[in-house]
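Chemist: Take a look at this one; I'll ask things after.
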Amino acid sequence: MLAESATRCILLLHNASNDSMYLEFGVGAAHATLTSGAVTAVTVDNSGFGFTSPPMVRFLGGGGSAPALGINQPGGLAPSNAATAHAVLSGNSIGSIVVDNGGALYQKPPYVQLMASNLDPYGAATPAAGTSLLLAPGDTFRFDATACPTEAVSVIGTSGDKLICRWMD
């Protein structure tokens with residue numbers, strides 16, 4: 001009997017230019033503000049670009065009725081009455097995030113997860129110097145595992161830069 005190879009996924013981005021480029025994963029970034037254990041506001045930190053439909057907003061972690069480690073992390077405990085919100089576009093970027101229900105019993109601000117809408121294959125976070133992954137001239141970013149990130153990837157450089165991208169699933 002022949003050995004069966006495991007599923008393999010490869011994402012490779014190579015900067016083939018003479019200038020630095022910046023990579024960003026995801027569709028944007030935001031953070032929540034709490035007042036008396038409820039989410040009262042969400043600030044957009046990276047409004048992204050190229051959206052045709054608003055991304056979905058989820059709140060992860062933040063704690064519940066019992067203290068725990070990592071409560072403001074995506075995998076941390078969340079209260080049973082979790083907050084809900086929706087994103088509003090301004091042009092092709094995230095203009096704001098409106099809190100529909102602030103939830104209750106949050107101990108720390110929850111992680112704000114922005115996910116591409118099933119109706120929008122184009123929206124992505126905007127890469128920026130200092131906050132994104134730097135890809136210097138000749139550098140390669142390689143993700144080689146049994147599963148690759150399924151988030152949007154955006155790359156920014158200067159006019160005439162060259163990028164090699166390979167993806168295999």
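Here's how to read the names in the structure tokens: chain A, B, ... by the order shown, residue numbers from 1 in each chain, ligand numbers from 1 in the order shown.
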Can you write out as CSV which residues of stretch 64-128 of chain A fall within 7 Å of stretch 17-36 of chain A, alongside each residue's closest atom pair and its distance in Å to one decimal, counting only C-alpha atoms and ordering rows by chain and ascending residue number?
Modeler:
```
residue,atom,partner,partner_atom,distance
A:Pro109,CA,A:Ala32,CA,5.6
A:Pro110,CA,A:Ala32,CA,6.5
A:Tyr111,CA,A:His31,CA,6.8
A:Val112,CA,A:His31,CA,5.7
A:Leu114,CA,A:Val27,CA,6.4
A:Met115,CA,A:Val27,CA,6.4
A:Ala116,CA,A:Val27,CA,6.3
A:Gly123,CA,A:Val27,CA,6.0
A:Ala124,CA,A:Val27,CA,4.0
A:Ala125,CA,A:Gly28,CA,4.2
A:Thr126,CA,A:Glu24,CA,6.7
A:Pro127,CA,A:Glu24,CA,5.1
A:Ala128,CA,A:Tyr22,CA,6.6
```
Chemist: May I have the selected residues written with N, CA and C atoms, as a compact mmCIF listing (two decimals), in the first residue's frame?
Modeler:
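To be explicit, this is the file written out as result.txt:
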```txt
# COMPACT_ATOMS: atom_id res chain seq x y z
N PRO A 109 -12.40 44.99 26.28
CA PRO A 109 -12.91 45.16 24.92
C PRO A 109 -12.67 43.88 24.11
N PRO A 110 -13.69 43.39 23.42
CA PRO A 110 -13.52 42.18 22.62
C PRO A 110 -12.69 42.46 21.37
N TYR A 111 -12.16 41.39 20.79
CA TYR A 111 -11.47 41.46 19.50
C TYR A 111 -12.54 41.69 18.43
N VAL A 112 -12.33 42.67 17.56
CA VAL A 112 -13.27 42.95 16.47
C VAL A 112 -12.78 42.24 15.22
N LEU A 114 -13.28 41.46 11.32
CA LEU A 114 -13.93 41.90 10.08
C LEU A 114 -13.70 40.81 9.05
N MET A 115 -14.78 40.31 8.49
CA MET A 115 -14.70 39.22 7.51
C MET A 115 -15.38 39.65 6.23
N ALA A 116 -14.79 39.27 5.11
CA ALA A 116 -15.37 39.62 3.82
C ALA A 116 -16.77 39.02 3.69
N GLY A 123 -12.83 43.31 -1.55
CA GLY A 123 -12.38 44.18 -0.47
C GLY A 123 -11.19 43.61 0.28
N ALA A 124 -10.24 44.48 0.64
CA ALA A 124 -9.04 44.06 1.35
C ALA A 124 -8.53 45.21 2.22
N ALA A 125 -7.75 44.88 3.24
CA ALA A 125 -7.14 45.90 4.09
C ALA A 125 -6.08 46.66 3.29
N THR A 126 -5.84 47.90 3.67
CA THR A 126 -4.85 48.73 2.99
C THR A 126 -3.48 48.54 3.63
N PRO A 127 -2.48 48.10 2.87
CA PRO A 127 -1.13 47.99 3.44
C PRO A 127 -0.56 49.37 3.71
N ALA A 128 0.23 49.49 4.79
CA ALA A 128 0.84 50.77 5.13
C ALA A 128 2.18 50.55 5.81
```
Chemist: Find the residue from A:Pro137, A:Gly48, A:Pro55, A:Gly130 that sits nearest to A:Ser93; use only C-alpha atoms when measuring.
Modeler: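 Ranking A:Pro137, A:Gly48, A:Pro55, A:Gly130 by distance to A:Ser93, first place goes to A:Gly48.
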Chemist: When you look at A:Asp100 with a cut-off of 7 Å (counting only C-alpha atoms), what residues show up, excluding the ones that are within fewer than 2 positions of it in the same chain? I need them as a VMD selection string.
Modeler: chain A and resid 84 to 85 98 102
Chemist: Quick one: everything within 9 Å of A:Pro54, counting only C-alpha atoms, minus sequence neighbours fewer than 2 positions away in the same chain. Send it as a PyMOL selection string.
Modeler: chain A and resi 51-52+56+86-89+92-94+116-117+120+123
Chemist: For those residues, write N, CA and C atoms to a file as a short mmCIF file (atom, residue, chain, number, x, y, z; two decimals), in the first residue's frame.
Modeler:
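Listed below is the output, again_16.cif:
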```cif
data_model
loop_
_atom_site.label_atom_id
_atom_site.label_comp_id
_atom_site.auth_asym_id
_atom_site.auth_seq_id
_atom_site.Cartn_x
_atom_site.Cartn_y
_atom_site.Cartn_z
N PHE A 51 -14.08 47.55 -1.67
CA PHE A 51 -15.29 46.82 -1.24
C PHE A 51 -16.46 47.08 -2.18
N THR A 52 -17.22 46.05 -2.45
CA THR A 52 -18.48 46.18 -3.17
C THR A 52 -19.66 45.90 -2.25
N MET A 56 -18.55 41.70 7.15
CA MET A 56 -19.29 41.29 8.34
C MET A 56 -18.46 41.63 9.57
N HIS A 86 -22.68 46.34 12.51
CA HIS A 86 -22.56 46.21 11.06
C HIS A 86 -21.69 47.34 10.52
N ALA A 87 -21.00 47.04 9.42
CA ALA A 87 -20.12 48.02 8.78
C ALA A 87 -20.90 48.82 7.74
N VAL A 88 -20.53 50.07 7.58
CA VAL A 88 -21.12 50.96 6.59
C VAL A 88 -20.00 51.43 5.67
N LEU A 89 -20.21 51.30 4.38
CA LEU A 89 -19.19 51.71 3.42
C LEU A 89 -19.28 53.20 3.13
N ASN A 92 -15.66 52.92 -1.51
CA ASN A 92 -15.26 51.51 -1.53
C ASN A 92 -14.46 51.13 -0.29
N SER A 93 -14.57 51.93 0.79
CA SER A 93 -13.86 51.67 2.04
C SER A 93 -14.85 51.59 3.19
N ILE A 94 -14.40 51.06 4.33
CA ILE A 94 -15.25 51.02 5.52
C ILE A 94 -15.29 52.42 6.10
N ALA A 116 -14.79 39.27 5.11
CA ALA A 116 -15.37 39.62 3.82
C ALA A 116 -16.77 39.02 3.69
N SER A 117 -17.65 39.77 3.13
CA SER A 117 -18.99 39.28 2.83
C SER A 117 -18.89 38.22 1.75
N ASP A 120 -18.72 39.67 -1.66
CA ASP A 120 -17.64 40.59 -2.04
C ASP A 120 -16.29 39.88 -2.08
N GLY A 123 -12.83 43.31 -1.55
CA GLY A 123 -12.38 44.18 -0.47
C GLY A 123 -11.19 43.61 0.28
#
```
Chemist: For the structure I just gave you, how does DSSP split stretch 20-168 of chain A - specifically, which residues are strand (DSSP E or B)? Reply as a PyMOL selection string.
Modeler: chain A and resi 21-25+29-35+38-46+49+56-60+84-90+93-101+111-115+124+133-135+140-145+153-156+163-168
Chemist: Please, what distance in Å, to one decimal, runs between atom CA of A:Asn118 and atom CA of A:Gly61?
Modeler: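 Computing it gives 23.6 Å between the two atoms.
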Chemist: Tell me which of A:Ala104, A:Leu133, A:Val57, A:Leu163 sits closest to A:Ala82, counting only C-alpha atoms.
Modeler: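 Nearest to A:Ala82: A:Ala104.
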